>>> print(open('final19.txt').read())   # compact mmCIF, C-alpha atoms
# COMPACT_ATOMS: atom_id res chain seq x y z
CA MET R 1 107.17 9.81 22.85
CA LYS R 2 104.31 7.43 22.18
CA ARG R 3 101.78 10.06 23.24
CA ARG R 4 103.46 12.63 20.96
CA ASN R 5 103.29 10.25 18.00
CA THR R 6 99.61 9.62 18.65
CA ILE R 7 98.90 13.35 18.71
CA VAL R 8 100.86 13.94 15.49
CA ILE R 9 99.01 11.12 13.74
CA ALA R 10 95.67 12.46 14.92
CA VAL R 11 96.50 15.96 13.66
CA VAL R 12 97.60 14.66 10.27
CA ILE R 13 94.44 12.59 9.97
CA ALA R 14 92.30 15.57 10.92
CA LEU R 15 93.95 17.67 8.21
CA LEU R 16 93.44 14.97 5.61
CA LEU R 17 89.82 14.62 6.58
CA ALA R 18 89.30 18.37 6.47
CA CYS R 19 90.73 18.53 2.95
CA GLY R 20 88.57 15.64 1.88
CA ILE R 21 85.44 17.15 3.39
CA VAL R 22 86.02 20.53 1.74
CA GLY R 23 86.49 18.85 -1.62
CA GLN R 24 83.46 16.66 -1.18
CA VAL R 25 81.22 19.58 -0.20
CA ALA R 26 82.14 21.26 -3.47
CA LEU R 27 81.57 18.08 -5.45
CA SER R 28 78.27 17.34 -3.70
CA ARG R 29 76.65 20.29 -5.44
CA HIS R 30 77.02 18.46 -8.74
CA ARG R 31 76.25 14.87 -7.69
CA PRO R 32 72.91 13.21 -8.55
CA GLY R 33 70.27 13.49 -5.85
CA ASN R 34 70.17 9.73 -5.30
CA ALA R 35 73.93 9.31 -4.96
CA PRO R 36 75.53 8.53 -1.58
CA ALA R 37 76.75 11.57 0.34
CA VAL R 38 80.32 10.28 0.57
CA GLY R 39 82.55 10.17 -2.49
CA GLU R 40 84.56 7.02 -3.08
CA SER R 41 87.25 9.23 -4.60
CA VAL R 42 87.63 11.13 -1.35
CA ILE R 43 87.92 7.88 0.60
CA ALA R 44 90.49 6.58 -1.85
CA THR R 45 92.52 9.77 -1.44
CA LEU R 46 93.20 8.86 2.18
CA GLY R 47 94.99 5.71 1.04
CA GLY R 48 96.79 3.93 3.85
CA PHE R 49 95.66 6.54 6.36
CA ARG R 50 92.06 5.37 6.09
CA SER R 51 92.20 2.40 8.47
CA LEU R 52 94.51 4.26 10.84
CA ALA R 53 92.18 7.25 10.90
CA ALA R 54 89.19 5.02 11.61
CA GLU R 55 91.02 3.28 14.44
CA VAL R 56 91.97 6.57 16.09
CA ILE R 57 88.45 7.96 15.73
CA TRP R 58 86.82 4.80 17.11
CA PHE R 59 89.13 4.97 20.13
CA ARG R 60 88.31 8.63 20.69
CA ALA R 61 84.59 8.04 20.18
CA ASP R 62 84.55 5.38 22.88
CA ARG R 63 86.25 7.78 25.27
CA LEU R 64 83.79 10.58 24.51
CA GLN R 65 80.84 8.24 25.02
CA ASP R 66 82.21 7.15 28.39
CA GLU R 67 82.57 10.82 29.34
CA GLY R 68 79.09 11.70 28.09
CA ARG R 69 80.41 14.26 25.60
CA PHE R 70 77.87 13.47 22.92
CA GLY R 71 78.13 16.74 21.00
CA GLU R 72 81.75 16.03 20.11
CA LEU R 73 80.82 12.42 19.50
CA VAL R 74 78.42 13.48 16.74
CA GLN R 75 81.27 15.11 14.85
CA LEU R 76 83.54 12.09 15.20
CA THR R 77 80.92 9.56 14.14
CA SER R 78 80.18 11.72 11.11
CA MET R 79 83.82 11.26 10.15
CA LEU R 80 83.46 7.51 10.61
CA THR R 81 80.66 7.40 8.04
CA TRP R 82 83.11 8.98 5.61
CA LEU R 83 85.88 6.55 6.39
CA GLU R 84 83.90 3.31 6.68
CA PRO R 85 80.64 3.79 4.74
CA HIS R 86 80.27 0.05 4.11
CA ASP R 87 80.46 -0.85 7.80
CA ALA R 88 76.91 -1.23 9.13
CA GLU R 89 78.05 -0.67 12.71
CA VAL R 90 79.23 2.83 11.83
CA TRP R 91 75.72 3.80 10.74
CA THR R 92 73.83 2.12 13.59
CA TYR R 93 76.26 3.54 16.15
CA SER R 94 75.98 7.05 14.71
CA ALA R 95 72.19 6.96 14.41
CA TRP R 96 71.76 5.59 17.93
CA ASN R 97 73.88 8.42 19.28
CA LEU R 98 71.71 11.02 17.52
CA ALA R 99 68.32 9.52 18.34
CA TYR R 100 68.98 8.44 21.91
CA ASN R 101 72.03 10.08 23.50
CA VAL R 102 71.89 13.55 21.96
CA SER R 103 68.10 13.93 21.74
CA CYS R 104 67.51 13.33 25.45
CA ARG R 105 69.87 16.17 26.33
CA MET R 106 67.91 18.78 24.42
CA PRO R 107 65.87 21.15 26.64
CA ARG R 108 62.92 21.48 24.23
CA VAL R 109 60.84 18.56 23.04
CA GLU R 110 60.80 19.95 19.49
CA ASP R 111 64.58 19.82 19.45
CA ARG R 112 64.53 16.28 20.78
CA TRP R 113 62.35 15.22 17.85
CA SER R 114 64.78 16.88 15.41
CA TRP R 115 67.58 14.64 16.68
CA VAL R 116 65.42 11.52 16.67
CA HIS R 117 64.38 12.28 13.10
CA ALA R 118 68.04 12.89 12.19
CA GLY R 119 68.89 9.38 13.42
CA ILE R 120 66.09 7.90 11.32
CA ARG R 121 67.15 9.81 8.21
CA LEU R 122 70.79 8.87 8.66
CA LEU R 123 69.96 5.17 8.54
CA ARG R 124 67.28 5.41 5.87
CA ASP R 125 68.73 7.98 3.48
CA GLU R 126 72.45 7.33 3.84
CA GLY R 127 73.18 4.05 5.60
CA LEU R 128 70.94 1.95 3.38
CA LYS R 129 72.17 3.60 0.19
CA TRP R 130 75.67 2.44 1.03
CA ASN R 131 74.54 -0.89 2.51
CA PRO R 132 71.25 -1.99 0.88
CA THR R 133 71.72 -5.62 1.99
CA GLU R 134 72.76 -5.02 5.62
CA ALA R 135 69.98 -6.51 7.77
CA ASN R 136 71.26 -4.81 10.91
CA ILE R 137 70.56 -1.35 9.48
CA TYR R 138 67.00 -2.36 8.59
CA ARG R 139 66.56 -3.77 12.07
CA GLU R 140 67.87 -0.62 13.81
CA LEU R 141 65.64 1.59 11.67
CA ALA R 142 62.60 -0.57 12.44
CA PHE R 143 63.52 -0.57 16.11
CA MET R 144 63.56 3.25 16.22
CA PHE R 145 60.09 3.44 14.75
CA GLU R 146 58.80 0.68 16.99
CA LEU R 147 60.00 1.79 20.43
CA LYS R 148 61.48 5.29 20.14
CA VAL R 149 58.61 6.83 18.17
CA GLY R 150 55.77 4.33 18.31
CA THR R 151 55.25 3.95 22.07
CA ASP R 152 55.82 6.14 25.12
CA LYS R 153 56.96 3.28 27.33
CA PHE R 154 60.62 4.23 26.86
CA ASP R 155 60.42 7.91 25.94
CA PRO R 156 57.72 10.15 27.46
CA ASP R 157 57.98 12.48 24.46
CA ALA R 158 56.96 9.76 22.01
CA ARG R 159 53.45 11.20 21.72
CA LEU R 160 54.90 14.33 20.15
CA TYR R 161 57.19 12.25 17.91
CA GLN R 162 54.14 10.36 16.70
CA GLU R 163 52.35 13.59 15.81
CA GLU R 164 55.39 14.92 13.99
CA TRP R 165 55.73 11.69 12.04
CA ARG R 166 52.02 11.71 11.24
CA ARG R 167 52.34 15.19 9.73
CA ILE R 168 55.30 14.12 7.62
CA VAL R 169 53.47 11.08 6.27
CA GLU R 170 50.23 12.95 5.62
CA ASP R 171 52.16 15.48 3.54
CA VAL R 172 53.98 12.77 1.59
CA GLN R 173 50.75 10.82 1.10
CA ALA R 174 48.90 13.87 -0.23
CA ARG R 175 51.60 14.43 -2.85
CA GLY R 176 52.25 10.78 -3.61
CA ALA R 177 55.93 11.41 -2.84
CA TRP R 178 56.70 8.25 -0.87
CA ASP R 179 60.28 8.26 -2.13
CA GLU R 180 60.93 11.24 0.14
CA ILE R 181 60.72 8.92 3.14
CA GLY R 182 62.38 6.02 1.35
CA MET R 183 59.23 3.97 0.76
CA ASP R 184 58.25 1.99 -2.32
CA PRO R 185 54.49 1.81 -3.01
CA ALA R 186 54.85 -1.74 -4.36
CA LYS R 187 56.57 -2.87 -1.17
CA MET R 188 54.00 -1.00 0.91
CA ALA R 189 51.20 -2.94 -0.82
CA GLU R 190 53.09 -6.14 -0.06
CA VAL R 191 53.36 -5.21 3.62
CA GLU R 192 49.70 -4.20 3.79
CA ALA R 193 48.64 -7.59 2.45
CA ALA R 194 51.03 -9.59 4.63
CA TYR R 195 50.31 -7.87 7.95
CA ASP R 196 46.85 -6.36 7.52
CA ILE R 197 47.87 -2.73 7.98
CA SER R 198 46.75 0.37 6.09
CA ASP R 199 47.49 3.43 8.25
CA TRP R 200 50.95 4.58 7.23
CA THR R 201 50.76 7.59 9.53
CA ASN R 202 51.16 5.12 12.39
CA ALA R 203 54.87 4.82 13.22
CA GLU R 204 54.47 1.10 13.86
CA ALA R 205 53.61 0.62 10.18
CA SER R 206 57.06 1.99 9.32
CA ALA R 207 58.63 -0.37 11.86
CA ILE R 208 56.92 -3.30 10.13
CA TYR R 209 57.89 -2.02 6.68
CA TRP R 210 61.62 -1.73 7.40
CA ALA R 211 61.81 -4.99 9.31
CA HIS R 212 60.00 -6.74 6.45
CA LEU R 213 62.47 -5.31 3.93
CA GLY R 214 65.36 -6.52 6.04
CA ILE R 215 64.26 -10.15 6.35
CA PRO R 216 65.45 -11.25 2.86
CA HIS R 217 68.94 -10.06 3.81
CA ALA R 218 68.98 -11.71 7.24
CA SER R 219 69.67 -15.16 8.61
CA GLY R 220 69.95 -16.86 11.97
CA HIS R 221 69.55 -14.65 15.03
CA MET R 222 69.15 -11.44 13.01
CA LYS R 223 66.24 -12.92 11.07
CA LEU R 224 64.56 -13.88 14.35
CA LEU R 225 65.06 -10.33 15.67
CA LEU R 226 63.42 -8.83 12.60
CA GLN R 227 60.50 -11.23 12.84
CA GLU R 228 60.07 -10.41 16.52
CA THR R 229 60.19 -6.70 15.75
CA ILE R 230 57.34 -7.19 13.28
CA ARG R 231 55.35 -9.19 15.83
CA GLN R 232 55.73 -6.52 18.51
CA ALA R 233 55.07 -3.63 16.14
CA ARG R 234 51.96 -5.36 14.85
CA ILE R 235 50.60 -5.53 18.41
CA LEU R 236 51.39 -1.85 18.99
CA TYR R 237 49.88 -0.91 15.64
CA ASP R 238 46.46 -2.07 16.89
CA ASP R 239 46.86 -0.22 20.20
CA PRO R 240 49.63 2.40 19.96
CA ASN R 241 48.69 3.97 23.31
CA ARG R 242 49.23 0.88 25.43
CA LYS R 243 51.91 1.37 28.08
CA ASP R 244 52.82 -2.28 28.54
CA ALA R 245 54.54 -2.58 25.18
CA PRO R 246 56.63 -5.73 24.83
CA ALA R 247 60.30 -5.20 25.58
CA GLU R 248 63.22 -6.85 23.85
>>> encode(input="final19.txt", output="structure tokens")
Amino acid sequence: MKRRNTIVIAVVIALLLACGIVGQVALSRHRPGNAPAVGESVIATLGGFRSLAAEVIWFRADRLQDEGRFGELVQLTSMLTWLEPHDAEVWTYSAWNLAYNVSCRMPRVEDRWSWVHAGIRLLRDEGLKWNPTEANIYRELAFMFELKVGTDKFDPDARLYQEEWRRIVEDVQARGAWDEIGMDPAKMAEVEAAYDISDWTNAEASAIYWAHLGIPHASGHMKLLLQETIRQARILYDDPNRKDAPAE
């Protein structure tokens, strides 16, 4: 009986989410470009089912991760960002799954980069719009640039990621469209002066930038982690090809 109730609840939640997603897709065509992807009205529609839905999905997500079923996990964590957009863990968990778990299972290196880049964009373009003062999201974003893209100590495909990121930045730089990668020229100038960097095509510069932006929102251990991320990224910025990059 308990198992049947769980299944019924899960089905009801799935139907509610499906209705909400369909409605939000239609509404998204009319929302401002800088608005968050998730509509508060859709979240509110779920009412009391919201926390229950999140609990069921978290439970299922943990099971899928244990079983290594990361494709299905992507779909579930996407639902979590709808249900709990103000929970930083939802965004860091989802982005980590994309950039690390899913990417490494792709047969082609180009596809692996697409998933890594998806993880970066999820944190930068969505997570921080919902949670602009969450230091943990800044730290996770900086961490991806520092060790997933910026050095090949942990991922042998990082050299290709670096080239892909360089092309993206060169294009943005040529058009002066820094907002496309979430960067503020005034903050960039501040970072350049504070840490003596100038090459924004270097992924470690992005690691420093995001960690620096997170420090005002951090305290205690998190603040120390962001400062250490900057220290390590600054070392790698001067020698991005070194293989003995500092580990955390």
>>> residues_near_point(input="final19.txt", point="(65.5, -12.2, 7.2)", cutoff="12 Å", atoms="all atoms listed in the file", output="ChimeraX atom specification")
/R:133-136,138-139,210-230
>>> residues_around(input="final19.txt", residues="Ala233 (chain R)", least_positions_apart="2", cutoff="8 Å", atoms="only C-alpha atoms", output="short mmCIF file (atom, residue, chain, number, x, y, z; two decimals) with C-alpha atoms, in the coordinates of the input")
data_model
loop_
_atom_site.label_atom_id
_atom_site.label_comp_id
_atom_site.auth_asym_id
_atom_site.auth_seq_id
_atom_site.Cartn_x
_atom_site.Cartn_y
_atom_site.Cartn_z
CA GLU R 146 58.80 0.68 16.99
CA GLU R 204 54.47 1.10 13.86
CA ALA R 205 53.61 0.62 10.18
CA ALA R 207 58.63 -0.37 11.86
CA ILE R 208 56.92 -3.30 10.13
CA THR R 229 60.19 -6.70 15.75
CA ILE R 230 57.34 -7.19 13.28
CA ARG R 231 55.35 -9.19 15.83
CA ILE R 235 50.60 -5.53 18.41
CA LEU R 236 51.39 -1.85 18.99
CA TYR R 237 49.88 -0.91 15.64
#
>>> closest_residue(input="final19.txt", among="R:His117, R:Arg234, R:Lys187, R:Arg166", to="Asn202 (chain R)", atoms="only C-alpha atoms")
R:Arg166
>>> atom_distance(input="final19.txt", atom1="CA of Trp130 (chain R)", atom2="CA of Tyr195 (chain R)")
28.2 Å
>>> atom_distance(input="final19.txt", atom1="CA of Glu163 (chain R)", atom2="CA of Phe145 (chain R)")
12.8 Å
>>> atom_distance(input="final19.txt", atom1="CA of Gln173 (chain R)", atom2="CA of Pro185 (chain R)")
10.6 Å
>>> closest_residue(input="final19.txt", among="R:Trp115, R:Lys129, R:Asp196, R:Thr92", to="Ala142 (chain R)", atoms="all atoms listed in the file")
R:Thr92
>>> axis_aligned_box(input="final19.txt", around="region 92-99 of chain R", padding_each_side="3 Å", output="AutoDock Vina command-line options")
--center_x 72.3 --center_y 6.6 --center_z 16.4 --size_x 13.9 --size_y 14.9 --size_z 11.7
>>> closest_residue(input="final19.txt", among="R:Asp238, R:Phe154, R:Asp125, R:Asn97", to="Glu180 (chain R)", atoms="all atoms listed in the file")
R:Asp125
>>> closest_residue(input="final19.txt", among="R:Ala186, R:Ser206, R:Pro156, R:Leu128", to="Asp87 (chain R)", atoms="only C-alpha atoms")
R:Leu128
>>> residues_around(input="final19.txt", residues="Glu89 (chain R)", least_positions_apart="3", cutoff="10 Å", atoms="only C-alpha atoms", output="list in words")
Thr81, Glu84, Pro85, His86, Thr92, Tyr93, Ser94, Ala95, Gly127, Glu134, Asn136 and Ile137 of chain R
>>> write_last_selection(input="final19.txt", atoms="C-alpha atoms", output="CSV table (one decimal), in the coordinates of the input")
chain,number,residue,atom,x,y,z
R,81,THR,CA,80.7,7.4,8.0
R,84,GLU,CA,83.9,3.3,6.7
R,85,PRO,CA,80.6,3.8,4.7
R,86,HIS,CA,80.3,0.0,4.1
R,92,THR,CA,73.8,2.1,13.6
R,93,TYR,CA,76.3,3.5,16.2
R,94,SER,CA,76.0,7.0,14.7
R,95,ALA,CA,72.2,7.0,14.4
R,127,GLY,CA,73.2,4.0,5.6
R,134,GLU,CA,72.8,-5.0,5.6
R,136,ASN,CA,71.3,-4.8,10.9
R,137,ILE,CA,70.6,-1.4,9.5
>>> closest_residue(input="final19.txt", among="R:Gly150, R:Pro107, R:Tyr209, R:Val169", to="Val191 (chain R)", atoms="only C-alpha atoms")
R:Tyr209
>>> closest_residue(input="final19.txt", among="R:Trp200, R:Glu140, R:Arg159, R:Glu192", to="Val172 (chain R)", atoms="all atoms listed in the file")
R:Trp200
>>> build_atoms(input="final19.txt", residues="region 156-173 of chain R", atoms="N, CA and C atoms", output="compact mmCIF listing (two decimals), in the frame of the given file")
# COMPACT_ATOMS: atom_id res chain seq x y z
N PRO R 156 58.99 9.46 27.20
CA PRO R 156 57.72 10.15 27.46
C PRO R 156 57.34 11.15 26.38
N ASP R 157 58.27 11.53 25.53
CA ASP R 157 57.98 12.48 24.46
C ASP R 157 57.51 11.81 23.18
N ALA R 158 57.33 10.50 23.22
CA ALA R 158 56.96 9.76 22.01
C ALA R 158 55.64 10.23 21.42
N ARG R 159 54.73 10.72 22.26
CA ARG R 159 53.45 11.20 21.72
C ARG R 159 53.69 12.35 20.73
N LEU R 160 54.61 13.24 21.07
CA LEU R 160 54.90 14.33 20.15
C LEU R 160 55.60 13.80 18.90
N TYR R 161 56.52 12.84 19.07
CA TYR R 161 57.19 12.25 17.91
C TYR R 161 56.17 11.64 16.95
N GLN R 162 55.17 11.00 17.53
CA GLN R 162 54.14 10.36 16.70
C GLN R 162 53.38 11.40 15.89
N GLU R 163 53.07 12.54 16.52
CA GLU R 163 52.35 13.59 15.81
C GLU R 163 53.21 14.21 14.71
N GLU R 164 54.49 14.38 15.01
CA GLU R 164 55.39 14.92 13.99
C GLU R 164 55.51 13.96 12.81
N TRP R 165 55.63 12.68 13.11
CA TRP R 165 55.73 11.69 12.04
C TRP R 165 54.43 11.62 11.24
N ARG R 166 53.32 11.73 11.92
CA ARG R 166 52.02 11.71 11.24
C ARG R 166 51.93 12.86 10.24
N ARG R 167 52.38 14.04 10.64
CA ARG R 167 52.34 15.19 9.73
C ARG R 167 53.23 14.97 8.51
N ILE R 168 54.39 14.39 8.73
CA ILE R 168 55.30 14.12 7.62
C ILE R 168 54.65 13.16 6.62
N VAL R 169 54.07 12.09 7.14
CA VAL R 169 53.47 11.08 6.27
C VAL R 169 52.23 11.61 5.56
N GLU R 170 51.43 12.38 6.26
CA GLU R 170 50.23 12.95 5.62
C GLU R 170 50.62 13.85 4.45
N ASP R 171 51.69 14.62 4.62
CA ASP R 171 52.16 15.48 3.54
C ASP R 171 52.66 14.65 2.36
N VAL R 172 53.45 13.64 2.64
CA VAL R 172 53.98 12.77 1.59
C VAL R 172 52.84 12.04 0.88
N GLN R 173 51.89 11.56 1.65
CA GLN R 173 50.75 10.82 1.10
C GLN R 173 49.92 11.71 0.18
